[in-house]
Amino acid sequence: MNVQQLKVFLEVCDSKTLLDASVKLGLKQPTVSFHLRSLEEALGVELFRRVARNLRRTEAADYLLPYARRIVALTDEAAE
């Protein structure tokens, strides 16, 4: 797990689609998918379920969300 993966995770949580998240992050959609898949593999859980063209967070994603927000905020603060 790394900070970039967590940033992608947070943006996908806010955006609801991979395409929207990729546009906001300035990344290509396959890169966003790769980061999410890598994070899921590192944690050993499914974070999103694909429903039609949207993503739905799983219970594991809801549990990770506040930790990801804190970690990203702390790394941004440390960088300043």
# chains A, B, ... in the order shown; residues from 1 in each chain; ligands from 1
>>> residues_around(residues="Leu43 (chain A)", least_positions_apart="2", cutoff="12 Å", atoms="only C-alpha atoms", output="PyMOL selection string")
chain A and resi 1-2+5-6+36-41+45-47+60-61+64
>>> write_last_selection(atoms="N, CA and C atoms", output="mmCIF file, in the first residue's frame")
data_model
loop_
_atom_site.group_PDB
_atom_site.id
_atom_site.type_symbol
_atom_site.label_atom_id
_atom_site.label_comp_id
_atom_site.auth_asym_id
_atom_site.auth_seq_id
_atom_site.Cartn_x
_atom_site.Cartn_y
_atom_site.Cartn_z
ATOM 1 N N MET A 1 0.863 -1.175 0.000
ATOM 2 C CA MET A 1 0.000 0.000 0.000
ATOM 3 C C MET A 1 0.904 1.232 0.000
ATOM 4 N N ASN A 2 0.539 2.209 -0.846
ATOM 5 C CA ASN A 2 1.295 3.454 -0.852
ATOM 6 C C ASN A 2 0.333 4.647 -0.927
ATOM 7 N N GLN A 5 -1.784 5.129 -4.141
ATOM 8 C CA GLN A 5 -2.938 4.228 -4.182
ATOM 9 C C GLN A 5 -4.065 4.768 -3.313
ATOM 10 N N LEU A 6 -3.719 5.299 -2.156
ATOM 11 C CA LEU A 6 -4.741 5.853 -1.260
ATOM 12 C C LEU A 6 -5.375 7.105 -1.854
ATOM 13 N N LEU A 36 -6.066 0.805 -7.965
ATOM 14 C CA LEU A 36 -7.111 0.190 -7.136
ATOM 15 C C LEU A 36 -6.882 -1.305 -6.978
ATOM 16 N N ARG A 37 -6.569 -1.970 -8.079
ATOM 17 C CA ARG A 37 -6.330 -3.414 -8.036
ATOM 18 C C ARG A 37 -5.132 -3.734 -7.141
ATOM 19 N N SER A 38 -4.079 -2.930 -7.241
ATOM 20 C CA SER A 38 -2.890 -3.138 -6.410
ATOM 21 C C SER A 38 -3.210 -2.949 -4.933
ATOM 22 N N LEU A 39 -4.014 -1.939 -4.635
ATOM 23 C CA LEU A 39 -4.413 -1.693 -3.247
ATOM 24 C C LEU A 39 -5.252 -2.850 -2.724
ATOM 25 N N GLU A 40 -6.189 -3.324 -3.534
ATOM 26 C CA GLU A 40 -7.021 -4.458 -3.126
ATOM 27 C C GLU A 40 -6.165 -5.700 -2.875
ATOM 28 N N GLU A 41 -5.181 -5.934 -3.726
ATOM 29 C CA GLU A 41 -4.293 -7.080 -3.546
ATOM 30 C C GLU A 41 -3.452 -6.938 -2.285
ATOM 31 N N VAL A 45 -8.604 -7.529 0.158
ATOM 32 C CA VAL A 45 -10.057 -7.319 0.207
ATOM 33 C C VAL A 45 -10.529 -6.654 -1.072
ATOM 34 N N GLU A 46 -11.816 -6.792 -1.355
ATOM 35 C CA GLU A 46 -12.441 -6.075 -2.462
ATOM 36 C C GLU A 46 -12.933 -4.732 -1.918
ATOM 37 N N LEU A 47 -12.563 -3.655 -2.581
ATOM 38 C CA LEU A 47 -12.940 -2.317 -2.109
ATOM 39 C C LEU A 47 -14.160 -1.759 -2.837
ATOM 40 N N ALA A 60 -15.424 -3.034 3.448
ATOM 41 C CA ALA A 60 -13.988 -2.842 3.664
ATOM 42 C C ALA A 60 -13.558 -1.432 3.244
ATOM 43 N N ALA A 61 -14.099 -0.940 2.139
ATOM 44 C CA ALA A 61 -13.769 0.415 1.677
ATOM 45 C C ALA A 61 -14.264 1.456 2.671
ATOM 46 N N LEU A 64 -11.822 1.501 5.476
ATOM 47 C CA LEU A 64 -10.538 2.097 5.098
ATOM 48 C C LEU A 64 -10.619 3.605 4.919
#
>>> residues_around(residues="Leu27 (chain A)", least_positions_apart="4", cutoff="12 Å", atoms="only C-alpha atoms", output="ChimeraX atom specification")
/A:4,7-8,11,18-23,31-35
>>> residues_around(residues="Arg70 (chain A)", least_positions_apart="4", cutoff="12 Å", atoms="only C-alpha atoms", output="list in words")
Val3, Leu6, Lys7, Leu10, Leu64, Leu65, Pro66, Leu74, Thr75, Asp76 and Glu77 of chain A
>>> write_last_selection(atoms="all heavy atoms", output="CSV table (one decimal), in the first residue's frame")
chain,number,residue,atom,x,y,z
A,3,VAL,N,0.9,5.8,-0.8
A,3,VAL,CA,0.1,7.0,-0.7
A,3,VAL,C,-0.7,7.3,-2.0
A,3,VAL,O,-1.8,7.7,-2.0
A,3,VAL,CB,0.9,8.2,-0.3
A,3,VAL,CG1,0.1,9.5,-0.3
A,3,VAL,CG2,1.5,8.0,1.1
A,6,LEU,N,-3.7,5.3,-2.2
A,6,LEU,CA,-4.7,5.9,-1.3
A,6,LEU,C,-5.4,7.1,-1.9
A,6,LEU,O,-6.6,7.3,-1.7
A,6,LEU,CB,-4.2,6.1,0.1
A,6,LEU,CG,-3.7,4.9,0.9
A,6,LEU,CD1,-3.0,5.3,2.2
A,6,LEU,CD2,-4.9,4.0,1.2
A,7,LYS,N,-4.6,7.9,-2.5
A,7,LYS,CA,-5.1,9.1,-3.2
A,7,LYS,C,-6.1,8.7,-4.3
A,7,LYS,O,-7.2,9.3,-4.4
A,7,LYS,CB,-4.0,10.0,-3.8
A,7,LYS,CG,-3.2,10.7,-2.7
A,7,LYS,CD,-2.2,11.6,-3.3
A,7,LYS,CE,-1.4,12.4,-2.2
A,7,LYS,NZ,-0.4,13.3,-2.8
A,10,LEU,N,-9.3,7.5,-2.6
A,10,LEU,CA,-10.2,8.6,-2.2
A,10,LEU,C,-10.9,9.3,-3.3
A,10,LEU,O,-12.1,9.6,-3.2
A,10,LEU,CB,-9.3,9.6,-1.4
A,10,LEU,CG,-8.8,9.2,-0.1
A,10,LEU,CD1,-7.8,10.2,0.5
A,10,LEU,CD2,-9.9,8.8,0.9
A,64,LEU,N,-11.8,1.5,5.5
A,64,LEU,CA,-10.5,2.1,5.1
A,64,LEU,C,-10.6,3.6,4.9
A,64,LEU,O,-9.6,4.3,5.2
A,64,LEU,CB,-10.0,1.4,3.8
A,64,LEU,CG,-8.8,2.0,3.2
A,64,LEU,CD1,-7.6,1.8,4.1
A,64,LEU,CD2,-8.5,1.3,1.8
A,65,LEU,N,-11.8,4.1,4.5
A,65,LEU,CA,-11.9,5.5,4.1
A,65,LEU,C,-11.4,6.5,5.1
A,65,LEU,O,-10.6,7.4,4.8
A,65,LEU,CB,-13.4,5.8,3.8
A,65,LEU,CG,-13.7,7.1,3.1
A,65,LEU,CD1,-12.9,7.3,1.9
A,65,LEU,CD2,-15.2,7.2,2.8
A,66,PRO,N,-11.8,6.5,6.4
A,66,PRO,CA,-11.2,7.5,7.3
A,66,PRO,C,-9.7,7.4,7.5
A,66,PRO,O,-9.0,8.4,7.7
A,66,PRO,CB,-12.0,7.2,8.6
A,66,PRO,CG,-12.5,5.9,8.5
A,66,PRO,CD,-12.7,5.6,7.1
A,74,LEU,N,-2.0,13.7,6.4
A,74,LEU,CA,-0.7,13.8,7.1
A,74,LEU,C,0.5,13.9,6.1
A,74,LEU,O,1.4,14.7,6.4
A,74,LEU,CB,-0.6,12.6,8.0
A,74,LEU,CG,-1.4,12.7,9.3
A,74,LEU,CD1,-1.3,11.4,10.0
A,74,LEU,CD2,-1.0,13.8,10.2
A,75,THR,N,0.4,13.1,5.0
A,75,THR,CA,1.5,13.2,4.1
A,75,THR,C,1.6,14.6,3.4
A,75,THR,O,2.6,15.1,3.1
A,75,THR,CB,1.5,12.1,3.1
A,75,THR,OG1,0.3,12.1,2.4
A,75,THR,CG2,1.7,10.7,3.7
A,76,ASP,N,0.4,15.1,3.1
A,76,ASP,CA,0.3,16.4,2.5
A,76,ASP,C,0.8,17.5,3.4
A,76,ASP,O,1.6,18.4,3.0
A,76,ASP,CB,-1.1,16.8,2.0
A,76,ASP,CG,-1.6,16.0,0.8
A,76,ASP,OD1,-0.8,15.3,0.2
A,76,ASP,OD2,-2.8,16.0,0.6
A,77,GLU,N,0.5,17.4,4.7
A,77,GLU,CA,0.9,18.3,5.7
A,77,GLU,C,2.4,18.2,5.9
A,77,GLU,O,3.1,19.2,6.0
A,77,GLU,CB,0.2,18.0,7.0
A,77,GLU,CG,0.6,18.9,8.2
A,77,GLU,CD,-0.1,18.6,9.5
A,77,GLU,OE1,-1.3,18.1,9.4
A,77,GLU,OE2,0.5,18.7,10.5
>>> select_by_dssp(residues="chain A", states="helix (DSSP H, G or I)", output="ChimeraX atom specification")
/A:3-15,18-25,29-43,59-79
>>> closest_residue(among="A:Lys28, A:Arg49, A:Asp62, A:Asn54", to="Ser15 (chain A)", atoms="only C-alpha atoms")
A:Asn54
>>> residues_around(residues="Val51 (chain A)", least_positions_apart="5", cutoff="12 Å", atoms="only C-alpha atoms", output="tab-separated table (two decimals) with N, CA and C atoms, in the first residue's frame")
chain	number	residue	atom	x	y	z
A	16	LYS	N	-17.19	8.24	-7.92
A	16	LYS	CA	-18.13	7.15	-8.24
A	16	LYS	C	-17.82	6.41	-9.53
A	17	THR	N	-17.06	7.00	-10.46
A	17	THR	CA	-16.65	6.27	-11.66
A	17	THR	C	-15.14	6.39	-11.84
A	56	ARG	N	-19.59	0.76	-6.40
A	56	ARG	CA	-20.15	0.85	-5.05
A	56	ARG	C	-19.10	0.40	-4.07
A	57	ARG	N	-18.91	1.18	-3.02
A	57	ARG	CA	-17.95	0.83	-1.99
A	57	ARG	C	-18.42	-0.40	-1.23
A	58	THR	N	-17.47	-1.23	-0.86
A	58	THR	CA	-17.77	-2.37	0.00
A	58	THR	C	-17.62	-1.93	1.45
>>> select_by_dssp(residues="chain A", states="strand (DSSP E)", output="JSON, numbers by chain")
{"A": [48, 49, 50, 51, 54, 55, 56, 57]}
>>> write_last_selection(atoms="all heavy atoms", output="PDB file, in the first residue's frame")
ATOM      1  N   PHE A  48     -14.367  -2.192  -4.070  1.00  0.00           N
ATOM      2  CA  PHE A  48     -15.492  -1.696  -4.869  1.00  0.00           C
ATOM      3  C   PHE A  48     -16.148  -2.853  -5.596  1.00  0.00           C
ATOM      4  O   PHE A  48     -15.489  -3.803  -5.996  1.00  0.00           O
ATOM      5  CB  PHE A  48     -15.029  -0.662  -5.901  1.00  0.00           C
ATOM      6  CG  PHE A  48     -14.478   0.587  -5.292  1.00  0.00           C
ATOM      7  CD1 PHE A  48     -13.120   0.739  -5.097  1.00  0.00           C
ATOM      8  CD2 PHE A  48     -15.325   1.610  -4.912  1.00  0.00           C
ATOM      9  CE1 PHE A  48     -12.604   1.890  -4.530  1.00  0.00           C
ATOM     10  CE2 PHE A  48     -14.818   2.775  -4.341  1.00  0.00           C
ATOM     11  CZ  PHE A  48     -13.462   2.903  -4.149  1.00  0.00           C
ATOM     12  N   ARG A  49     -17.438  -2.708  -5.771  1.00  0.00           N
ATOM     13  CA  ARG A  49     -18.190  -3.627  -6.625  1.00  0.00           C
ATOM     14  C   ARG A  49     -18.674  -2.812  -7.813  1.00  0.00           C
ATOM     15  O   ARG A  49     -19.179  -1.715  -7.653  1.00  0.00           O
ATOM     16  CB  ARG A  49     -19.383  -4.215  -5.872  1.00  0.00           C
ATOM     17  CG  ARG A  49     -18.964  -5.220  -4.854  1.00  0.00           C
ATOM     18  CD  ARG A  49     -20.096  -6.137  -4.447  1.00  0.00           C
ATOM     19  NE  ARG A  49     -19.595  -7.077  -3.466  1.00  0.00           N
ATOM     20  CZ  ARG A  49     -19.613  -6.868  -2.160  1.00  0.00           C
ATOM     21  NH1 ARG A  49     -20.135  -5.771  -1.681  1.00  0.00           N
ATOM     22  NH2 ARG A  49     -19.117  -7.763  -1.333  1.00  0.00           N
ATOM     23  N   ARG A  50     -18.503  -3.374  -8.982  1.00  0.00           N
ATOM     24  CA  ARG A  50     -18.941  -2.689 -10.179  1.00  0.00           C
ATOM     25  C   ARG A  50     -20.424  -2.969 -10.412  1.00  0.00           C
ATOM     26  O   ARG A  50     -20.832  -4.118 -10.477  1.00  0.00           O
ATOM     27  CB  ARG A  50     -18.128  -3.150 -11.378  1.00  0.00           C
ATOM     28  CG  ARG A  50     -16.804  -2.424 -11.457  1.00  0.00           C
ATOM     29  CD  ARG A  50     -15.662  -3.407 -11.335  1.00  0.00           C
ATOM     30  NE  ARG A  50     -14.365  -2.735 -11.355  1.00  0.00           N
ATOM     31  CZ  ARG A  50     -13.564  -2.705 -10.309  1.00  0.00           C
ATOM     32  NH1 ARG A  50     -13.904  -3.257  -9.170  1.00  0.00           N
ATOM     33  NH2 ARG A  50     -12.405  -2.103 -10.384  1.00  0.00           N
ATOM     34  N   VAL A  51     -21.209  -1.918 -10.493  1.00  0.00           N
ATOM     35  CA  VAL A  51     -22.644  -2.021 -10.747  1.00  0.00           C
ATOM     36  C   VAL A  51     -22.939  -1.113 -11.938  1.00  0.00           C
ATOM     37  O   VAL A  51     -22.823   0.104 -11.829  1.00  0.00           O
ATOM     38  CB  VAL A  51     -23.467  -1.587  -9.513  1.00  0.00           C
ATOM     39  CG1 VAL A  51     -24.957  -1.661  -9.798  1.00  0.00           C
ATOM     40  CG2 VAL A  51     -23.082  -2.419  -8.297  1.00  0.00           C
ATOM     41  N   ASN A  54     -21.136   2.245 -12.622  1.00  0.00           N
ATOM     42  CA  ASN A  54     -20.737   2.882 -11.364  1.00  0.00           C
ATOM     43  C   ASN A  54     -20.034   1.893 -10.453  1.00  0.00           C
ATOM     44  O   ASN A  54     -20.099   0.688 -10.649  1.00  0.00           O
ATOM     45  CB  ASN A  54     -21.975   3.433 -10.650  1.00  0.00           C
ATOM     46  CG  ASN A  54     -22.625   4.548 -11.429  1.00  0.00           C
ATOM     47  OD1 ASN A  54     -21.950   5.376 -12.025  1.00  0.00           O
ATOM     48  ND2 ASN A  54     -23.938   4.558 -11.449  1.00  0.00           N
ATOM     49  N   LEU A  55     -19.377   2.434  -9.460  1.00  0.00           N
ATOM     50  CA  LEU A  55     -18.727   1.620  -8.444  1.00  0.00           C
ATOM     51  C   LEU A  55     -19.438   1.828  -7.123  1.00  0.00           C
ATOM     52  O   LEU A  55     -19.816   2.950  -6.787  1.00  0.00           O
ATOM     53  CB  LEU A  55     -17.263   2.034  -8.293  1.00  0.00           C
ATOM     54  CG  LEU A  55     -16.373   1.830  -9.510  1.00  0.00           C
ATOM     55  CD1 LEU A  55     -14.988   2.391  -9.227  1.00  0.00           C
ATOM     56  CD2 LEU A  55     -16.273   0.366  -9.856  1.00  0.00           C
ATOM     57  N   ARG A  56     -19.591   0.758  -6.396  1.00  0.00           N
ATOM     58  CA  ARG A  56     -20.153   0.849  -5.049  1.00  0.00           C
ATOM     59  C   ARG A  56     -19.095   0.399  -4.066  1.00  0.00           C
ATOM     60  O   ARG A  56     -18.462  -0.645  -4.253  1.00  0.00           O
ATOM     61  CB  ARG A  56     -21.387  -0.053  -4.929  1.00  0.00           C
ATOM     62  CG  ARG A  56     -22.555   0.480  -5.701  1.00  0.00           C
ATOM     63  CD  ARG A  56     -23.830   0.366  -4.880  1.00  0.00           C
ATOM     64  NE  ARG A  56     -24.907   1.045  -5.582  1.00  0.00           N
ATOM     65  CZ  ARG A  56     -25.913   0.423  -6.165  1.00  0.00           C
ATOM     66  NH1 ARG A  56     -26.013  -0.881  -6.114  1.00  0.00           N
ATOM     67  NH2 ARG A  56     -26.846   1.117  -6.774  1.00  0.00           N
ATOM     68  N   ARG A  57     -18.914   1.185  -3.024  1.00  0.00           N
ATOM     69  CA  ARG A  57     -17.945   0.826  -1.991  1.00  0.00           C
ATOM     70  C   ARG A  57     -18.422  -0.403  -1.233  1.00  0.00           C
ATOM     71  O   ARG A  57     -19.600  -0.560  -0.962  1.00  0.00           O
ATOM     72  CB  ARG A  57     -17.759   1.967  -1.001  1.00  0.00           C
ATOM     73  CG  ARG A  57     -17.018   3.150  -1.559  1.00  0.00           C
ATOM     74  CD  ARG A  57     -16.581   4.108  -0.471  1.00  0.00           C
ATOM     75  NE  ARG A  57     -17.613   4.456   0.470  1.00  0.00           N
ATOM     76  CZ  ARG A  57     -18.171   5.654   0.577  1.00  0.00           C
ATOM     77  NH1 ARG A  57     -17.802   6.620  -0.228  1.00  0.00           N
ATOM     78  NH2 ARG A  57     -19.094   5.879   1.477  1.00  0.00           N
TER      79      ARG A  57
END
>>> closest_residue(among="A:Ala42, A:Leu25, A:Cys13, A:Ala52", to="Arg69 (chain A)", atoms="only C-alpha atoms")
A:Cys13
